[in-house]
>>> print(open('data.txt').read())   # compact mmCIF, C-alpha atoms
# COMPACT_ATOMS: atom_id res chain seq x y z
CA MET A 1 -29.21 -102.39 -109.05
CA GLU A 2 -30.41 -102.93 -112.59
CA ILE A 3 -28.53 -105.86 -114.11
CA ALA A 4 -27.43 -105.70 -117.72
CA PRO A 5 -24.82 -107.62 -119.72
CA PRO A 6 -21.23 -106.40 -119.26
CA SER A 7 -20.09 -103.93 -121.89
CA ALA A 8 -17.91 -104.79 -124.83
CA ALA A 9 -14.50 -106.21 -124.15
CA ALA A 10 -11.84 -103.79 -123.06
CA PRO A 11 -9.05 -103.19 -125.59
CA ILE A 12 -6.46 -105.97 -125.53
CA SER A 13 -3.71 -103.40 -124.91
CA ALA A 14 -5.45 -102.00 -121.82
CA PRO A 15 -3.75 -102.96 -118.53
CA LEU A 16 -5.62 -105.28 -116.18
CA LEU A 17 -7.73 -103.32 -113.69
CA ARG A 18 -7.31 -104.71 -110.18
CA LEU A 19 -10.52 -104.17 -108.20
CA ALA A 20 -11.55 -104.56 -104.55
CA VAL A 21 -15.29 -104.80 -103.73
CA VAL A 22 -16.50 -103.89 -100.24
CA ASP A 23 -20.18 -104.32 -99.34
CA ASP A 24 -21.65 -105.58 -96.07
CA GLU A 25 -24.57 -107.27 -97.86
CA ASN A 26 -23.35 -110.71 -98.89
CA LEU A 27 -25.84 -111.17 -101.73
CA ILE A 28 -25.05 -107.78 -103.29
CA ARG A 29 -21.31 -108.29 -102.90
CA ASP A 30 -21.40 -111.79 -104.39
CA GLY A 31 -23.47 -110.54 -107.33
CA LEU A 32 -21.10 -107.67 -108.04
CA VAL A 33 -18.05 -109.90 -107.83
CA CYS A 34 -19.64 -112.39 -110.22
CA LEU A 35 -20.45 -109.68 -112.76
CA PHE A 36 -17.05 -108.03 -112.55
CA ARG A 37 -15.31 -111.38 -113.00
CA LYS A 38 -17.17 -111.78 -116.28
CA SER A 39 -16.00 -108.32 -117.42
CA PRO A 40 -12.90 -108.34 -119.66
CA GLY A 41 -9.90 -106.55 -118.24
CA VAL A 42 -11.04 -106.66 -114.60
CA GLU A 43 -9.47 -108.77 -111.86
CA ILE A 44 -11.04 -109.05 -108.39
CA VAL A 45 -8.13 -108.87 -105.95
CA ALA A 46 -10.21 -108.60 -102.77
CA GLN A 47 -13.77 -108.72 -101.53
CA ALA A 48 -14.91 -108.02 -97.99
CA GLY A 49 -17.86 -107.04 -95.83
CA THR A 50 -15.98 -104.21 -94.10
CA SER A 51 -13.42 -101.67 -95.21
CA ALA A 52 -11.11 -102.61 -92.34
CA ALA A 53 -11.01 -106.25 -93.46
CA ALA A 54 -10.31 -105.25 -97.06
CA VAL A 55 -7.55 -102.80 -96.11
CA GLU A 56 -5.89 -105.46 -93.96
CA ALA A 57 -6.03 -107.98 -96.80
CA LEU A 58 -4.55 -105.51 -99.30
CA GLN A 59 -1.72 -104.01 -97.27
CA GLY A 60 1.22 -104.17 -99.62
CA GLY A 61 -0.86 -105.83 -102.33
CA PRO A 62 -1.66 -104.43 -105.79
CA VAL A 63 -5.06 -102.79 -106.25
CA ASP A 64 -6.13 -99.96 -108.56
CA VAL A 65 -9.76 -99.25 -107.62
CA ALA A 66 -11.86 -99.88 -104.53
CA LEU A 67 -15.65 -100.01 -104.88
CA LEU A 68 -17.05 -99.10 -101.45
CA ASP A 69 -20.68 -99.32 -100.39
CA VAL A 70 -21.93 -96.56 -98.09
CA CYS A 71 -25.14 -96.77 -96.10
CA VAL A 72 -27.24 -94.09 -94.45
CA GLY A 73 -27.33 -94.55 -90.70
CA GLN A 74 -23.97 -96.33 -90.49
CA SER A 75 -21.12 -94.07 -89.41
CA ASP A 76 -18.47 -96.64 -90.26
CA SER A 77 -19.40 -96.41 -93.95
CA TRP A 78 -17.60 -93.09 -94.35
CA GLU A 79 -15.00 -93.98 -91.73
CA GLY A 80 -14.16 -96.84 -94.07
CA VAL A 81 -13.58 -94.39 -96.92
CA GLY A 82 -11.24 -92.44 -94.66
CA ALA A 83 -9.39 -95.63 -93.72
CA TRP A 84 -8.77 -96.42 -97.41
CA GLN A 85 -7.48 -92.92 -98.12
CA GLN A 86 -5.14 -93.02 -95.16
CA ALA A 87 -3.82 -96.58 -95.48
CA LEU A 88 -3.76 -96.86 -99.29
CA PRO A 89 -3.60 -93.29 -100.66
CA ASP A 90 -2.83 -94.32 -104.25
CA ILE A 91 -6.03 -96.33 -104.67
CA ARG A 92 -8.92 -94.70 -106.54
CA ILE A 93 -12.23 -94.94 -104.69
CA VAL A 94 -15.69 -95.34 -106.23
CA VAL A 95 -18.66 -94.99 -103.87
CA LEU A 96 -21.74 -97.17 -104.29
CA ASP A 97 -24.88 -95.79 -102.62
CA ASP A 98 -28.35 -97.29 -102.27
CA LEU A 99 -29.93 -94.04 -103.54
CA VAL A 100 -28.44 -90.87 -105.00
CA ARG A 101 -28.09 -88.52 -102.03
CA ASP A 102 -26.90 -84.92 -102.08
CA ALA A 103 -25.15 -85.30 -98.72
CA HIS A 104 -23.10 -88.22 -100.03
CA LEU A 105 -22.39 -86.56 -103.37
CA ARG A 106 -21.14 -83.50 -101.52
CA ARG A 107 -18.79 -85.69 -99.50
CA VAL A 108 -17.50 -87.47 -102.60
CA LEU A 109 -16.70 -84.11 -104.18
CA ARG A 110 -15.05 -82.77 -101.04
CA LEU A 111 -12.86 -85.86 -100.61
CA GLY A 112 -11.90 -85.90 -104.28
CA LEU A 113 -13.08 -89.47 -104.84
CA HIS A 114 -13.06 -90.86 -108.37
CA GLY A 115 -16.64 -92.02 -108.84
CA TYR A 116 -20.17 -92.40 -107.55
CA ALA A 117 -23.06 -94.67 -108.52
CA SER A 118 -26.22 -95.98 -106.90
CA LYS A 119 -27.73 -99.45 -106.77
CA ARG A 120 -30.46 -98.12 -109.06
CA ASP A 121 -27.96 -97.72 -111.90
CA SER A 122 -27.14 -100.49 -114.36
CA PHE A 123 -24.07 -102.66 -114.01
CA VAL A 124 -22.88 -101.45 -117.42
CA GLU A 125 -22.79 -97.89 -116.09
CA LEU A 126 -21.06 -98.96 -112.87
CA LEU A 127 -18.45 -100.83 -114.93
CA GLU A 128 -17.77 -97.70 -117.00
CA ILE A 129 -17.32 -95.66 -113.81
CA VAL A 130 -14.91 -98.22 -112.32
CA ARG A 131 -12.91 -98.35 -115.55
CA ALA A 132 -12.78 -94.55 -115.70
CA ALA A 133 -11.47 -94.49 -112.11
CA GLY A 134 -8.82 -97.00 -113.16
CA ARG A 135 -7.66 -94.47 -115.76
CA GLY A 136 -7.52 -91.76 -113.11
CA GLU A 137 -10.70 -90.04 -114.32
CA GLN A 138 -13.62 -88.89 -112.17
CA MET A 139 -17.03 -90.13 -113.31
CA PHE A 140 -20.59 -90.10 -111.95
CA SER A 141 -23.65 -92.10 -112.98
CA ARG A 142 -26.38 -90.47 -115.04
CA LEU A 143 -28.70 -90.23 -112.02
CA ALA A 144 -25.95 -88.56 -110.02
CA ARG A 145 -25.12 -86.11 -112.82
CA GLU A 146 -28.72 -84.88 -112.71
CA ARG A 147 -27.86 -83.47 -109.27
CA LEU A 148 -24.56 -81.94 -110.42
CA VAL A 149 -23.41 -79.15 -112.68
CA ALA A 150 -20.06 -78.91 -114.48
CA THR A 151 -18.07 -75.73 -113.71
CA PRO A 152 -14.55 -74.53 -114.59
CA LEU A 153 -13.57 -75.75 -111.11
CA GLY A 154 -15.09 -79.20 -111.63
CA TRP A 155 -18.38 -80.82 -110.65
CA GLN A 156 -20.56 -79.06 -108.07
CA LEU A 157 -24.00 -79.75 -106.64
CA ARG A 158 -26.79 -77.85 -108.32
CA ALA A 159 -28.30 -75.02 -106.32
CA ALA A 160 -30.79 -76.55 -103.93
CA PRO A 161 -34.45 -75.61 -104.33
CA ASP A 162 -36.35 -73.87 -101.54
CA VAL A 163 -37.99 -77.17 -100.58
CA PRO A 164 -36.16 -78.57 -97.53
CA GLY A 165 -34.08 -81.63 -98.34
CA LEU A 166 -31.22 -83.80 -97.14
CA HIS A 167 -28.74 -81.31 -98.58
CA LEU A 168 -29.45 -79.14 -95.54
CA LEU A 169 -28.27 -81.79 -93.08
CA THR A 170 -24.81 -82.91 -92.07
CA VAL A 171 -23.87 -86.59 -92.35
CA ARG A 172 -24.30 -87.04 -88.59
CA GLU A 173 -27.69 -85.28 -88.62
CA THR A 174 -28.78 -87.59 -91.44
CA GLU A 175 -27.75 -90.60 -89.36
CA VAL A 176 -29.66 -89.31 -86.33
CA LEU A 177 -32.75 -88.63 -88.45
CA ALA A 178 -32.65 -92.13 -89.96
CA CYS A 179 -32.38 -93.64 -86.48
CA LEU A 180 -35.18 -91.58 -84.94
CA ALA A 181 -37.47 -92.09 -87.93
CA GLN A 182 -37.32 -95.84 -87.35
CA GLY A 183 -38.84 -95.37 -83.91
CA CYS A 184 -35.67 -95.45 -81.82
CA THR A 185 -35.49 -93.42 -78.65
CA SER A 186 -32.74 -90.88 -78.06
CA ARG A 187 -30.99 -93.36 -75.78
CA ALA A 188 -31.22 -96.14 -78.37
CA CYS A 189 -29.84 -93.81 -81.05
CA SER A 190 -27.02 -92.73 -78.76
CA GLU A 191 -25.99 -96.35 -78.21
CA LEU A 192 -26.16 -97.13 -81.93
CA LEU A 193 -24.24 -94.04 -83.02
CA LYS A 194 -21.93 -93.99 -79.98
CA ILE A 195 -22.84 -90.46 -78.91
CA SER A 196 -24.62 -89.17 -75.81
CA PRO A 197 -28.44 -88.90 -75.57
CA SER A 198 -28.12 -85.14 -75.12
CA THR A 199 -26.12 -84.94 -78.36
CA VAL A 200 -28.88 -86.85 -80.12
CA ASP A 201 -31.44 -84.38 -78.77
CA ASN A 202 -29.30 -81.44 -79.91
CA HIS A 203 -29.07 -82.91 -83.41
CA LYS A 204 -32.83 -83.49 -83.42
CA ALA A 205 -33.48 -79.84 -82.56
CA LYS A 206 -31.14 -78.69 -85.35
CA ILE A 207 -32.78 -81.07 -87.83
CA MET A 208 -36.25 -79.75 -87.03
CA LYS A 209 -35.06 -76.17 -87.37
CA LYS A 210 -33.32 -76.78 -90.70
CA LEU A 211 -36.23 -78.71 -92.18
CA LYS A 212 -38.86 -76.45 -90.62
CA LEU A 213 -40.64 -79.48 -89.19
CA HIS A 214 -41.89 -79.55 -85.64
CA ARG A 215 -43.39 -83.02 -85.05
CA MET A 216 -41.75 -86.41 -85.00
CA VAL A 217 -44.39 -87.77 -87.36
CA ASP A 218 -43.40 -85.13 -89.93
CA LEU A 219 -39.74 -86.04 -89.55
CA ALA A 220 -40.66 -89.69 -90.14
CA LYS A 221 -42.61 -88.81 -93.29
CA PHE A 222 -39.66 -86.76 -94.55
CA ALA A 223 -37.27 -89.64 -93.87
CA ILE A 224 -39.49 -92.05 -95.81
CA ARG A 225 -39.77 -89.60 -98.71
CA GLU A 226 -35.99 -89.23 -98.86
CA GLY A 227 -35.44 -92.99 -98.74
CA LEU A 228 -33.77 -93.03 -95.32
CA VAL A 229 -36.14 -95.69 -94.04
CA PRO A 230 -38.33 -98.25 -95.84
CA HIS A 231 -42.00 -97.53 -96.47
>>> encode(input="data.txt", output="structure tokens")
Amino acid sequence: MEIAPPSAAAPISAPLLRLAVVDDENLIRDGLVCLFRKSPGVEIVAQAGTSAAAVEALQGGPVDVALLDVCVGQSDSWEGVGAWQQALPDIRIVVLDDLVRDAHLRRVLRLGLHGYASKRDSFVELLEIVRAAGRGEQMFSRLARERLVATPLGWQLRAAPDVPGLHLLTVRETEVLACLAQGCTSRACSELLKISPSTVDNHKAKIMKKLKLHRMVDLAKFAIREGLVPH
């Protein structure tokens, strides 16, 4: 994430925004917490490496916004979002992604979450999104808005071009693709994702059909292009 100085002080009359930060990467989480603590009008009430740990710590405690990191290839990322919505339904959720992904944007819209940003955005922009969520508003980063269009019914994903992309895949198919593209066998993927090897193979066949790719090497190249795996 691009680091920039926190924005101007929030109005003195504005209520204190109580924020929880959840990210499994210690360095990223510590950096975010440090920056938010320097931001006027924001109080860190919890920080954790997993959603379950944060929910447990905040049961019955005051929190306005939860900033939750989601990662491709980790099912529990979105399960964590579901846990927050079920256990603490009044909390507004902002999703932090490593890259802007159509599949994740679509899920944010479907779940009615309050914000979305990527680690390629500046902290100033992330702070604005968190503050907007605290006011009950829905806000997306500039990079995310390039993939969206405003309609009378709210934000929607722009019509996808004919070029195959991640928007064609389900969340589970994206996870399977990320796993396979890193050289894992179907059995290894099944153990990681807690599904059967035959289910992995079924997902692989559907992925190839949707993307119109027929070789594993082409799937790997696609995954690298889409940022699912490192170069």
>>> closest_atom_pairs(input="data.txt", of="region 18-83 of chain A", to="region 104-121 of chain A", cutoff="12 Å", atoms="all atoms listed in the file", output="Markdown table")
| residue | atom | partner | partner_atom | distance |
| --- | --- | --- | --- | --- |
| A:Asp23 | CA | A:Lys119 | CA | 11.7 |
| A:Ile28 | CA | A:Lys119 | CA | 9.4 |
| A:Arg29 | CA | A:Lys119 | CA | 11.6 |
| A:Gly31 | CA | A:Lys119 | CA | 11.9 |
| A:Leu32 | CA | A:Lys119 | CA | 10.6 |
| A:Asp64 | CA | A:His114 | CA | 11.4 |
| A:Val65 | CA | A:His114 | CA | 9.0 |
| A:Ala66 | CA | A:His114 | CA | 9.9 |
| A:Leu67 | CA | A:Gly115 | CA | 9.0 |
| A:Leu68 | CA | A:Tyr116 | CA | 9.6 |
| A:Asp69 | CA | A:Ser118 | CA | 9.2 |
| A:Val70 | CA | A:His104 | CA | 8.6 |
| A:Cys71 | CA | A:His104 | CA | 9.6 |
| A:Val72 | CA | A:His104 | CA | 9.1 |
| A:Ser77 | CA | A:His104 | CA | 10.9 |
| A:Trp78 | CA | A:Arg107 | CA | 9.1 |
| A:Glu79 | CA | A:Arg107 | CA | 12.0 |
| A:Val81 | CA | A:Leu111 | CA | 9.3 |
| A:Gly82 | CA | A:Leu111 | CA | 9.0 |
>>> atom_distance(input="data.txt", atom1="CA of Gly165 (chain A)", atom2="CA of Ser186 (chain A)")
22.3 Å
>>> residues_around(input="data.txt", residues="Asn202 (chain A)", least_positions_apart="6", cutoff="12 Å", atoms="only C-alpha atoms", output="PyMOL selection string")
chain A and resi 172-173+176-177+186+190+195-196+208-209
>>> atom_distance(input="data.txt", atom1="CA of Ala54 (chain A)", atom2="CA of Asp30 (chain A)")
14.8 Å
>>> atom_distance(input="data.txt", atom1="CA of Gln59 (chain A)", atom2="CA of Gln47 (chain A)")
13.6 Å
>>> residues_near_point(input="data.txt", point="(-34.9, -94.2, -85.4)", cutoff="12 Å", atoms="only C-alpha atoms", output="VMD selection string")
chain A and resid 72 to 73 173 to 193 200 204 216 to 217 219 to 220 223 to 224 228 to 230
>>> write_last_selection(input="data.txt", atoms="C-alpha atoms", output="compact mmCIF listing (two decimals), in the coordinates of the input")
# COMPACT_ATOMS: atom_id res chain seq x y z
CA VAL A 72 -27.24 -94.09 -94.45
CA GLY A 73 -27.33 -94.55 -90.70
CA GLU A 173 -27.69 -85.28 -88.62
CA THR A 174 -28.78 -87.59 -91.44
CA GLU A 175 -27.75 -90.60 -89.36
CA VAL A 176 -29.66 -89.31 -86.33
CA LEU A 177 -32.75 -88.63 -88.45
CA ALA A 178 -32.65 -92.13 -89.96
CA CYS A 179 -32.38 -93.64 -86.48
CA LEU A 180 -35.18 -91.58 -84.94
CA ALA A 181 -37.47 -92.09 -87.93
CA GLN A 182 -37.32 -95.84 -87.35
CA GLY A 183 -38.84 -95.37 -83.91
CA CYS A 184 -35.67 -95.45 -81.82
CA THR A 185 -35.49 -93.42 -78.65
CA SER A 186 -32.74 -90.88 -78.06
CA ARG A 187 -30.99 -93.36 -75.78
CA ALA A 188 -31.22 -96.14 -78.37
CA CYS A 189 -29.84 -93.81 -81.05
CA SER A 190 -27.02 -92.73 -78.76
CA GLU A 191 -25.99 -96.35 -78.21
CA LEU A 192 -26.16 -97.13 -81.93
CA LEU A 193 -24.24 -94.04 -83.02
CA VAL A 200 -28.88 -86.85 -80.12
CA LYS A 204 -32.83 -83.49 -83.42
CA MET A 216 -41.75 -86.41 -85.00
CA VAL A 217 -44.39 -87.77 -87.36
CA LEU A 219 -39.74 -86.04 -89.55
CA ALA A 220 -40.66 -89.69 -90.14
CA ALA A 223 -37.27 -89.64 -93.87
CA ILE A 224 -39.49 -92.05 -95.81
CA LEU A 228 -33.77 -93.03 -95.32
CA VAL A 229 -36.14 -95.69 -94.04
CA PRO A 230 -38.33 -98.25 -95.84
>>> closest_residue(input="data.txt", among="A:Asp102, A:Asp201, A:Glu128, A:Glu226", to="Gln156 (chain A)", atoms="all atoms listed in the file")
A:Asp102
>>> residues_around(input="data.txt", residues="Phe36 (chain A)", least_positions_apart="5", cutoff="9 Å", atoms="only C-alpha atoms", output="list in words")
Pro6, Leu19, Gly31, Val42, Glu43, Ile44, Phe123 and Leu127 of chain A
